[in-house]
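Structure data (compact mmCIF, C-alpha atoms and all ligand atoms) from structure-v4.txt:
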```txt
# COMPACT_ATOMS: atom_id res chain seq x y z
CA MET V 1 0.00 0.00 0.00
CA SER V 2 1.53 3.31 -0.98
CA HIS V 3 1.29 6.34 1.21
CA PHE V 4 2.28 9.66 -0.38
CA PRO V 5 0.09 10.94 -3.26
CA LEU V 6 3.24 11.80 -5.22
CA SER V 7 1.59 13.12 -8.38
CA GLU V 8 -0.46 15.64 -6.35
CA ILE V 9 2.47 17.12 -4.45
CA ASP V 10 3.50 20.65 -5.35
CA PRO V 11 7.28 21.09 -4.81
CA SER V 12 6.63 24.42 -3.03
CA TRP V 13 4.82 22.50 -0.25
CA LEU V 14 7.93 20.43 0.42
CA ALA V 15 10.11 23.54 0.27
CA MET V 16 7.85 25.06 2.97
CA LEU V 17 8.20 21.97 5.17
CA LYS V 18 11.96 21.90 4.72
CA SER V 19 12.42 25.55 5.50
CA ARG V 20 10.38 25.19 8.69
CA LEU V 21 12.51 22.19 9.75
CA ARG V 22 15.65 24.23 9.07
CA ASP V 23 14.38 27.42 10.73
CA TYR V 24 13.64 25.54 13.94
CA ASP V 25 16.88 23.60 14.23
CA PHE V 26 15.52 20.18 13.29
CA GLN V 27 19.00 18.76 12.89
CA GLU V 28 20.88 15.92 14.53
CA GLU V 29 23.17 17.70 17.01
CA ALA V 30 20.59 20.26 18.16
CA MET V 31 17.97 17.54 18.62
CA ALA V 32 20.34 15.24 20.55
CA SER V 33 21.21 18.13 22.81
CA ARG V 34 17.55 19.00 23.51
CA LEU V 35 16.75 15.33 24.14
CA ASP V 36 19.96 14.95 26.17
CA ILE V 37 21.01 11.78 24.35
CA PRO V 38 24.34 10.95 22.63
CA ASN V 39 22.78 10.50 19.19
CA ILE V 40 19.30 10.56 17.72
CA TYR V 41 19.54 7.26 15.84
CA THR V 42 19.30 5.11 18.96
CA LEU V 43 16.11 6.35 20.57
CA LYS V 44 14.76 4.11 23.33
CA LEU V 45 11.04 3.32 23.41
CA LEU V 46 10.85 3.18 27.20
CA ASP V 47 12.53 6.57 27.49
CA ILE V 48 9.95 8.40 25.35
CA PRO V 49 8.11 9.73 28.44
CA LEU V 50 11.42 11.15 29.69
CA TYR V 51 12.12 12.81 26.35
CA LEU V 52 8.59 14.28 26.34
CA HIS V 53 9.16 15.69 29.79
CA ARG V 54 12.45 17.26 28.72
CA LEU V 55 10.61 18.84 25.80
CA ARG V 56 7.56 19.92 27.80
CA GLU V 57 7.90 23.60 26.92
CA LEU V 58 5.95 23.95 23.68
CA SER V 59 8.45 26.01 21.72
CA PRO V 60 8.47 25.65 17.90
CA GLU V 61 11.69 23.58 18.12
CA ASN V 62 10.21 21.19 20.69
CA ILE V 63 6.93 20.93 18.80
CA LEU V 64 8.69 19.71 15.67
CA ILE V 65 10.68 17.10 17.60
CA ARG V 66 7.61 15.89 19.51
CA LEU V 67 5.56 15.67 16.33
CA PHE V 68 7.98 14.23 13.79
CA PHE V 69 10.39 12.36 16.03
CA LEU V 70 8.74 11.30 19.28
CA GLU V 71 5.44 10.22 17.67
CA ASP V 72 3.46 12.52 19.96
CA GLU V 73 0.01 14.03 19.37
CA LEU V 74 -0.49 17.78 19.78
CA GLU V 75 -3.32 20.26 19.62
CA ALA V 76 -3.67 22.19 16.38
CA LYS V 77 -3.28 25.41 18.35
CA ALA V 78 0.22 24.41 19.49
CA ILE V 79 1.27 23.32 16.00
CA GLU V 80 0.07 26.66 14.61
CA GLN V 81 3.18 28.19 16.17
CA VAL V 82 5.06 26.44 13.35
CA PHE V 83 2.58 25.97 10.48
CA THR V 84 -0.29 28.28 9.49
CA PRO V 85 -3.77 26.67 9.21
CA PRO V 86 -3.56 26.45 5.36
CA GLU V 87 -0.10 24.86 5.68
CA LEU V 88 -1.51 22.36 8.17
CA GLU V 89 -4.16 21.48 5.60
CA ILE V 90 -1.49 20.87 2.98
CA LEU V 91 0.44 18.59 5.33
CA GLN V 92 -2.72 16.58 5.90
CA LYS V 93 -3.46 16.45 2.19
CA ILE V 94 -0.08 14.86 1.48
CA ASN V 95 -0.57 12.32 4.31
CA LEU V 96 2.12 13.72 6.54
CA LEU V 97 -0.19 14.80 9.37
CA GLN V 98 -3.50 13.39 10.49
CA ILE V 99 -6.17 14.37 12.99
CA ASN V 100 -6.93 11.73 15.58
CA GLU V 101 -10.73 11.85 15.45
CA ALA V 102 -11.08 10.63 19.03
CA THR V 103 -8.79 13.21 20.64
CA GLN V 104 -8.97 15.94 17.95
CA ARG V 105 -5.21 16.19 18.29
CA ILE V 106 -2.79 16.11 15.40
CA LYS V 107 -0.17 13.45 14.88
CA SER V 108 2.37 12.71 12.23
CA GLN V 109 1.87 9.66 10.03
CA VAL V 110 5.62 9.45 9.44
CA LYS V 111 8.85 9.93 11.30
CA ILE V 112 11.34 12.45 9.92
CA TYR V 113 15.09 12.04 10.39
CA PRO V 114 17.63 14.75 9.69
CA TYR V 115 21.06 13.70 8.39
CA GLN V 116 23.71 16.17 7.22
CA GLY V 117 21.22 18.68 5.85
CA TYR V 118 18.97 16.02 4.29
CA TYR V 119 15.59 14.85 5.63
CA PHE V 120 14.22 11.33 5.37
CA ALA V 121 10.65 10.26 6.10
CA SER V 122 10.07 6.69 7.27
CA ASP V 123 7.11 4.93 8.82
CA VAL V 124 6.73 5.74 12.49
CA GLN V 125 8.92 3.45 14.53
CA PHE V 126 7.12 2.72 17.79
CA PHE V 127 3.39 3.22 17.31
CA PRO V 128 2.61 2.41 13.68
CA GLU V 129 -0.93 2.58 12.39
CA GLU V 130 -2.75 -0.70 12.52
CA LYS V 131 -3.81 -0.49 8.90
CA VAL V 132 -0.19 -0.84 7.72
CA LYS V 133 0.92 -4.47 7.97
CA ASP V 134 4.07 -5.01 10.04
CA ALA V 135 5.65 -6.74 7.08
CA GLU V 136 5.35 -3.58 4.96
CA LEU V 137 6.59 -0.95 7.37
CA VAL V 138 9.25 1.30 5.87
CA TYR V 139 12.42 0.99 7.90
CA TYR V 140 13.35 3.96 10.07
CA ILE V 141 16.86 5.40 9.96
CA GLY V 142 18.78 3.13 12.30
CA SER V 143 22.38 3.18 13.42
CA ASP V 144 23.05 0.62 10.64
CA SER V 145 21.76 3.13 8.06
CA ILE V 146 24.05 5.80 9.50
CA ASP V 147 27.04 3.44 9.77
CA LEU V 148 26.77 2.57 6.07
CA ALA V 149 26.19 6.21 5.12
CA SER V 150 29.26 7.34 7.03
CA SER V 151 31.48 4.48 5.75
CA THR V 152 30.58 4.79 2.08
CA VAL V 153 33.63 5.69 0.00
CA ARG V 154 32.37 8.86 -1.68
CA ARG V 155 34.35 8.65 -4.91
CA GLU V 156 32.92 10.29 -8.04
CA VAL V 157 31.29 7.51 -10.06
CA TYR V 158 29.04 7.12 -13.07
CA SER V 159 26.46 4.69 -11.67
CA THR V 160 25.39 3.49 -8.22
CA LEU V 161 22.97 0.75 -7.27
CA ASP V 162 21.40 0.81 -3.80
CA LEU V 163 19.91 -2.59 -3.02
CA CYS V 164 17.24 -2.74 -0.30
CA THR V 165 16.82 1.02 -0.42
CA GLY V 166 14.03 1.50 2.19
CA THR V 167 13.71 5.26 2.74
CA GLY V 168 16.24 5.71 -0.07
CA ILE V 169 18.82 7.22 2.27
CA GLN V 170 21.87 5.51 0.73
CA ALA V 171 20.70 6.21 -2.83
CA ILE V 172 19.91 9.87 -2.14
CA LEU V 173 23.29 10.45 -0.45
CA ALA V 174 25.07 8.69 -3.34
CA ALA V 175 23.36 11.03 -5.83
CA LYS V 176 25.86 13.73 -4.88
CA HIS V 177 28.86 11.76 -6.23
CA SER V 178 27.16 9.64 -8.91
CA GLN V 179 25.88 10.61 -12.34
CA LYS V 180 22.93 8.31 -11.83
CA VAL V 181 21.59 6.14 -9.02
CA THR V 182 19.09 3.30 -8.95
CA GLY V 183 17.43 2.26 -5.68
CA VAL V 184 15.59 -1.07 -5.49
CA ASP V 185 13.19 -2.34 -2.86
CA ILE V 186 10.82 -5.28 -2.76
CA ASN V 187 8.32 -3.29 -0.68
CA PRO V 188 6.13 -0.98 -2.82
CA ARG V 189 5.51 1.21 0.22
CA ALA V 190 9.28 1.75 0.58
CA VAL V 191 9.54 2.73 -3.10
CA ASN V 192 6.81 5.33 -2.53
CA PHE V 193 8.63 6.71 0.55
CA ALA V 194 11.99 6.77 -1.25
CA ARG V 195 10.46 8.72 -4.17
CA PHE V 196 8.93 11.15 -1.68
CA ASN V 197 12.33 11.59 0.00
CA ALA V 198 13.99 12.31 -3.34
CA LEU V 199 11.39 15.04 -3.94
CA LEU V 200 11.82 16.39 -0.42
CA ASN V 201 15.59 16.63 -0.88
CA GLN V 202 15.32 17.91 -4.47
CA VAL V 203 17.47 15.11 -5.86
CA ASP V 204 16.62 14.25 -9.45
CA ASN V 205 19.32 11.83 -10.64
CA VAL V 206 17.93 8.88 -8.65
CA SER V 207 15.26 6.46 -9.75
CA PHE V 208 13.53 4.03 -7.43
CA VAL V 209 12.10 0.77 -8.64
CA GLY V 210 10.22 -2.06 -7.02
CA GLY V 211 11.55 -5.61 -7.27
CA TYR V 212 13.69 -8.39 -5.91
CA LEU V 213 17.36 -7.37 -5.54
CA TYR V 214 19.00 -7.21 -9.03
CA GLU V 215 15.88 -8.35 -10.94
CA PRO V 216 14.72 -4.82 -12.00
CA VAL V 217 18.17 -3.83 -13.37
CA GLY V 218 18.54 -6.69 -15.90
CA ASP V 219 22.21 -7.20 -16.73
CA GLU V 220 23.32 -3.63 -15.99
CA ARG V 221 26.70 -3.19 -14.24
CA PHE V 222 27.49 -0.49 -11.68
CA ASP V 223 30.55 1.36 -10.33
CA LEU V 224 29.24 1.29 -6.78
CA ILE V 225 26.84 -1.16 -5.18
CA LEU V 226 25.56 -0.40 -1.68
CA ALA V 227 23.34 -2.53 0.51
CA ASN V 228 21.83 -2.52 3.96
CA PRO V 229 19.84 -5.74 3.58
CA PRO V 230 17.42 -7.40 5.99
CA PHE V 231 20.03 -9.22 8.03
CA VAL V 232 18.46 -10.40 11.26
CA PRO V 233 18.59 -14.17 11.80
CA SER V 234 14.95 -14.83 12.52
CA PRO V 235 12.70 -17.83 13.04
CA TYR V 236 9.94 -16.18 10.95
CA GLU V 237 9.19 -17.54 7.52
CA GLY V 238 6.80 -16.75 4.67
CA GLU V 239 3.89 -14.45 5.54
CA ASP V 240 5.26 -13.63 8.98
CA GLU V 241 8.56 -12.24 7.68
CA VAL V 242 9.24 -8.54 8.19
CA PHE V 243 10.68 -7.23 4.90
CA TYR V 244 13.13 -4.83 6.45
CA ARG V 245 14.42 -7.14 9.14
CA ASP V 246 14.34 -10.86 8.49
CA GLY V 247 17.14 -12.48 6.53
CA GLY V 248 16.24 -16.14 6.99
CA LYS V 249 17.16 -18.44 9.84
CA LYS V 250 20.87 -17.59 9.78
CA GLY V 251 20.21 -14.02 8.63
CA LEU V 252 22.34 -14.69 5.55
CA ASP V 253 19.78 -15.37 2.80
CA ILE V 254 19.67 -11.90 1.23
CA LEU V 255 23.34 -11.18 1.94
CA GLY V 256 24.29 -14.38 0.08
CA GLU V 257 22.16 -13.43 -2.94
CA ILE V 258 23.64 -9.93 -3.04
CA ALA V 259 27.20 -11.33 -2.95
CA ALA V 260 26.38 -13.98 -5.57
CA GLY V 261 25.08 -11.25 -7.94
CA LEU V 262 28.23 -9.12 -7.76
CA PRO V 263 30.11 -10.94 -10.57
CA HIS V 264 27.18 -10.04 -12.87
CA HIS V 265 26.61 -6.47 -11.72
CA LEU V 266 29.88 -4.91 -10.56
CA LYS V 267 32.07 -3.16 -13.13
CA GLU V 268 35.75 -4.08 -13.32
CA GLU V 269 36.82 -1.02 -11.35
CA GLY V 270 33.71 -1.06 -9.18
CA TYR V 271 33.30 -1.65 -5.46
CA CYS V 272 30.59 -2.87 -3.15
CA GLN V 273 29.88 -1.99 0.48
CA ILE V 274 27.37 -3.86 2.63
CA ILE V 275 26.43 -3.29 6.26
CA THR V 276 25.11 -6.41 7.91
CA LEU V 277 24.87 -8.76 10.83
CA PHE V 278 26.95 -11.83 9.99
CA ALA V 279 26.31 -14.87 12.18
CA ARG V 280 29.25 -16.99 13.29
CA THR V 281 28.08 -20.55 12.79
CA SER V 282 29.50 -23.92 13.71
CA ASP V 283 29.37 -25.24 10.11
CA HIS V 284 31.23 -22.59 8.03
CA SER V 285 33.49 -19.62 8.65
CA GLN V 286 32.53 -16.18 7.34
CA GLU V 287 35.39 -16.47 4.82
CA GLU V 288 33.96 -19.77 3.53
CA PHE V 289 30.52 -18.19 3.11
CA LEU V 290 31.91 -15.27 1.08
CA LYS V 291 34.10 -17.57 -1.02
CA TYR V 292 31.13 -19.81 -1.77
CA TRP V 293 28.79 -16.95 -2.68
CA LEU V 294 31.42 -15.40 -4.96
CA ASN V 295 32.13 -18.78 -6.51
CA ASN V 296 35.78 -18.53 -5.44
CA GLY V 297 36.06 -15.74 -8.04
CA PRO V 298 38.74 -13.02 -8.26
CA TYR V 299 37.48 -10.71 -5.52
CA GLN V 300 39.22 -9.02 -2.61
CA THR V 301 36.81 -9.23 0.28
CA SER V 302 37.25 -7.59 3.66
CA LEU V 303 35.14 -7.66 6.74
CA LEU V 304 35.36 -4.79 9.22
CA LEU V 305 34.12 -5.96 12.60
CA LEU V 306 32.07 -3.18 14.25
CA ASP V 307 30.58 -5.12 17.17
CA THR V 308 29.68 -8.62 18.34
CA TYR V 309 26.41 -9.66 19.96
CA SER V 310 25.45 -12.82 21.82
CA ILE V 311 22.43 -14.82 20.63
CA TYR V 312 20.62 -13.60 23.74
CA GLN V 313 21.15 -9.94 22.88
CA ILE V 314 19.75 -10.41 19.37
CA ALA V 315 16.83 -12.50 20.61
CA SER V 316 16.00 -9.93 23.27
CA SER V 317 16.31 -6.80 21.10
CA ASN V 318 13.85 -8.30 18.59
CA THR V 319 11.22 -9.47 21.05
CA PHE V 320 11.20 -7.26 24.17
CA THR V 321 8.46 -4.95 22.86
CA LEU V 322 6.06 -7.93 23.01
CA ALA V 323 6.14 -7.66 26.79
CA LEU V 324 4.66 -4.15 26.35
CA GLU V 325 2.42 -4.76 23.34
CA LYS V 326 1.09 -8.12 24.51
CA ASP V 327 2.11 -9.67 27.83
CA TYR V 328 5.03 -11.29 29.59
CA HIS V 329 4.06 -14.86 28.64
CA THR V 330 3.88 -14.06 24.93
CA TYR V 331 7.29 -12.41 25.20
CA LYS V 332 8.76 -15.36 27.11
CA LYS V 333 7.45 -17.85 24.53
CA GLU V 334 8.71 -15.78 21.63
CA ILE V 335 12.20 -15.03 22.96
CA THR V 336 12.63 -18.74 23.73
CA ARG V 337 11.61 -19.54 20.15
CA TRP V 338 14.27 -17.14 18.82
CA ILE V 339 16.99 -18.57 21.08
CA GLU V 340 16.13 -22.16 20.12
CA SER V 341 16.17 -21.24 16.43
CA PHE V 342 19.70 -19.77 16.84
CA VAL V 343 20.88 -22.90 18.63
CA ASN V 344 19.35 -25.16 15.93
CA GLN V 345 21.15 -23.15 13.24
CA GLY V 346 24.50 -23.55 15.01
CA ILE V 347 24.75 -19.78 15.57
CA GLU V 348 27.41 -19.09 18.20
CA ALA V 349 27.53 -15.29 18.12
CA ILE V 350 26.52 -12.56 15.73
CA ASP V 351 28.98 -10.04 14.31
CA TYR V 352 27.94 -6.60 13.11
CA THR V 353 30.13 -5.89 10.11
CA LEU V 354 30.88 -3.75 7.10
CA ILE V 355 31.76 -5.92 4.11
CA ASN V 356 33.77 -4.49 1.21
CA VAL V 357 34.16 -6.33 -2.08
CA LEU V 358 36.47 -5.25 -4.93
CA PRO V 359 37.41 -7.16 -8.06
CA GLY V 360 41.00 -8.51 -7.72
CA HIS V 361 43.30 -11.22 -9.11
CA ALA V 362 42.17 -14.09 -6.91
CA PHE V 363 39.81 -14.56 -4.00
CA SER V 364 41.18 -13.01 -0.79
CA PHE V 365 39.68 -12.35 2.60
CA THR V 366 40.80 -9.94 5.32
CA ARG V 367 39.19 -9.47 8.70
CA TRP V 368 39.69 -6.08 10.37
CA LYS V 369 38.88 -5.55 14.02
C1 LIG O 401 17.34 -2.69 6.81
S1 LIG O 401 16.30 -1.96 5.61
C2 LIG O 401 17.48 -0.83 4.90
C3 LIG O 401 16.90 0.46 4.39
C4 LIG O 401 17.90 1.52 3.94
N1 LIG O 401 18.73 1.07 2.84
C5 LIG O 401 18.77 2.01 5.07
O1 LIG O 401 20.00 1.93 4.95
O2 LIG O 401 18.22 2.50 6.06
C6 LIG O 401 16.18 -3.27 4.39
C7 LIG O 401 15.29 -3.00 3.18
O3 LIG O 401 15.39 -4.13 2.29
C8 LIG O 401 14.16 -4.34 1.64
N2 LIG O 401 14.18 -5.70 1.09
C9 LIG O 401 14.01 -6.88 1.77
N3 LIG O 401 14.15 -7.92 0.93
C10 LIG O 401 14.42 -7.42 -0.31
C11 LIG O 401 14.67 -7.99 -1.57
N4 LIG O 401 14.69 -9.32 -1.75
N5 LIG O 401 14.89 -7.18 -2.63
C12 LIG O 401 14.86 -5.83 -2.48
N6 LIG O 401 14.64 -5.22 -1.29
C13 LIG O 401 14.43 -6.00 -0.21
C14 LIG O 401 13.15 -4.07 2.74
O4 LIG O 401 11.88 -3.80 2.23
C15 LIG O 401 13.81 -2.87 3.47
O5 LIG O 401 13.33 -1.66 2.94
```
Would you mind writing the file out in structure tokens?
Ligand SMILES: C[S@@+](CC[C@H](N)C(=O)[O-])C[C@H]1O[C@@H](n2cnc3c(N)ncnc32)[C@H](O)[C@@H]1O
Amino acid sequence: MSHFPLSEIDPSWLAMLKSRLRDYDFQEEAMASRLDIPNIYTLKLLDIPLYLHRLRELSPENILIRLFFLEDELEAKAIEQVFTPPELEILQKINLLQINEATQRIKSQVKIYPYQGYYFASDVQFFPEEKVKDAELVYYIGSDSIDLASSTVRREVYSTLDLCTGTGIQAILAAKHSQKVTGVDINPRAVNFARFNALLNQVDNVSFVGGYLYEPVGDERFDLILANPPFVPSPYEGEDEVFYRDGGKKGLDILGEIAAGLPHHLKEEGYCQIITLFARTSDHSQEEFLKYWLNNGPYQTSLLLLDTYSIYQIASSNTFTLALEKDYHTYKKEITRWIESFVNQGIEAIDYTLINVLPGHAFSFTRWK
């Protein structure tokens, strides 16, 4: 289900929204300082009431953070400090804001993240609308998104492919140093959000297409291939899978397909960068996995280790909200299911890594700590 009525949007409406965000300091350092947190990409659900208390004074700056970042509802009167009534109508028309009929308060239908002068709309993170299926939620900007964005080698290139584009953040950032960029996502809702974000950031050398990994690009080759795939090892299969999160039982399904496609889609002088969880399993080493996916081809692969998590940490971080949304017993059953699935898959620990792949003379593998 798409969300933004893209063909009805007048660019001046987005310019208005952007200038208001800029005027009232909606940017990462200022927001972190108001919220008194080290960085805005690791917001904690249980701390939302604390953040709201810190931002209790309804200044224009705090209103924007409460509305577009903390998923709060506010009275129209308060929001009119930032947007005039006709502007509020426009923001409702483009599905950015919505009136809660029960409370008559206004809430945002999306979350907005600032990053280095850009703005990215995603689905709301903590309290999504029930009518959007969990499976189709558009991934927020997480620390993985930012880690890939800040590690991307920003060399001038002709063409970039962003696989698993989500909000389009990697594609839109790559537009600055690429002649043309293609972003692909399997989730039609993500394609709609990514197109909206390109309009919002006035970037016109990016095209977003729906489809499965390389399928929409035929046999085209690229100078730069970026990916932040669904990488969580998860017991969910089929209909229950969450597009943005689940990467099969070991978490390696999509990663393996991306690596296996590189010989067909990377130019000779090209390079690929992938941010991902990479399970350590009892059957094969990470080097063996990469070698197998790349068919022992002439590629220099390197794996930069950013962090390591235990199976318990990954099981807990993906299930703890059930204790709030449902009840303790549902949470206990589900976390146990995750842990047992990890054990059955021979997963010993889970590394958080940045993988780099460059064509070379023979297969090589380097692990950087
Ligand atoms: C972790 S999110 C990353 C979003 C964004 N690139 C970022 O860095 O924030 C993964 C995205 O992959 C998409 N996805 C999952 N499976 C896919 C597939 N087989 N082909 C294309 N996209 C896929 C999901 O819909 C989701 O938007």
Among the residues V:Asn318, V:Thr182, V:Thr160, V:Ser143, the one that comes closest to Asp246 (chain V) [using all atoms listed in the file]: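 For Asp246 (chain V), the nearest of the candidates is V:Asn318.
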Polymer residues at most 6 Å from region 112-117 of chain V, all atoms listed in the file, same-chain spacing of 2 or more positions, as a ChimeraX atom specification: /V:27-28,68,119-121
Neighbourhood of ligand LIG 401 (chain O) at 7 Å, counting all atoms listed in the file, reported as an NGL selection string: :V and (138-142 or 144-145 or 148 or 163-170 or 184-187 or 190 or 211-213 or 227-230 or 243-245 or 254)
All residues 10 Å or closer to Gln179 (chain V), only C-alpha atoms, same chain fewer than 2 positions away omitted, as a PyMOL selection string: chain V and resi 156-160+174-177+181+205-206
Best match for closeness to Asp204 (chain V) among V:Arg337, V:Lys44, V:Lys180, V:Arg54, counting all atoms listed in the file: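 Nearest to Asp204 (chain V): V:Lys180.
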Pick from V:Lys267, V:Arg221, V:Arg105, V:Lys291 nearest to Phe365 (chain V), counting all atoms listed in the file: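 Selected residue with least distance to Phe365 (chain V): V:Lys291.
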CA of His53 (chain V) to CA of Tyr24 (chain V), distance in Å rounded to a single decimal: 19.2 Å
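Taking all atoms listed in the file into account, Glu257 (chain V) lies nearest to V:Phe231 out of the set V:Gly218, V:His329, V:Ser282, V:Phe231.
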Point-to-point distance from CA of Asp134 (chain V) to CA of Asp240 (chain V), Å rounded to tenths: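 It comes out at 8.8 Å.
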Selected residue of minimal separation from Ile90 (chain V) among V:Arg367, V:Asp10, V:Phe278, V:Gly256, counting all atoms listed in the file: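 Under the stated criterion, the closest residue is V:Asp10.
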Working from the structure I just supplied, which lacks atoms in region 313-325 of chain V, can you model N, CA and C atoms there and output them as a compact mmCIF listing (two decimals), keeping the file's coordinate frame?
```txt
# COMPACT_ATOMS: atom_id res chain seq x y z
N GLN V 313 21.37 -11.37 23.17
CA GLN V 313 21.15 -9.94 22.88
C GLN V 313 20.27 -9.77 21.64
N ILE V 314 20.54 -10.57 20.60
CA ILE V 314 19.75 -10.41 19.37
C ILE V 314 18.32 -10.90 19.60
N ALA V 315 18.18 -11.99 20.34
CA ALA V 315 16.83 -12.50 20.61
C ALA V 315 16.04 -11.46 21.42
N SER V 316 16.69 -10.87 22.40
CA SER V 316 16.00 -9.93 23.27
C SER V 316 15.64 -8.64 22.53
N SER V 317 16.59 -8.09 21.74
CA SER V 317 16.31 -6.80 21.10
C SER V 317 15.17 -6.93 20.08
N ASN V 318 14.92 -8.15 19.57
CA ASN V 318 13.85 -8.30 18.59
C ASN V 318 12.52 -8.75 19.17
N THR V 319 12.49 -8.97 20.48
CA THR V 319 11.22 -9.47 21.05
C THR V 319 10.72 -8.67 22.27
N PHE V 320 11.59 -7.83 22.87
CA PHE V 320 11.20 -7.26 24.17
C PHE V 320 9.93 -6.40 24.10
N THR V 321 9.65 -5.80 22.92
CA THR V 321 8.46 -4.95 22.86
C THR V 321 7.17 -5.76 23.04
N LEU V 322 7.25 -7.09 22.82
CA LEU V 322 6.06 -7.93 23.01
C LEU V 322 5.57 -7.89 24.45
N ALA V 323 6.53 -7.72 25.38
CA ALA V 323 6.14 -7.66 26.79
C ALA V 323 5.27 -6.43 27.03
N LEU V 324 5.47 -5.37 26.21
CA LEU V 324 4.66 -4.15 26.35
C LEU V 324 3.39 -4.26 25.51
N GLU V 325 3.57 -4.73 24.25
CA GLU V 325 2.42 -4.76 23.34
C GLU V 325 1.44 -5.86 23.71
```
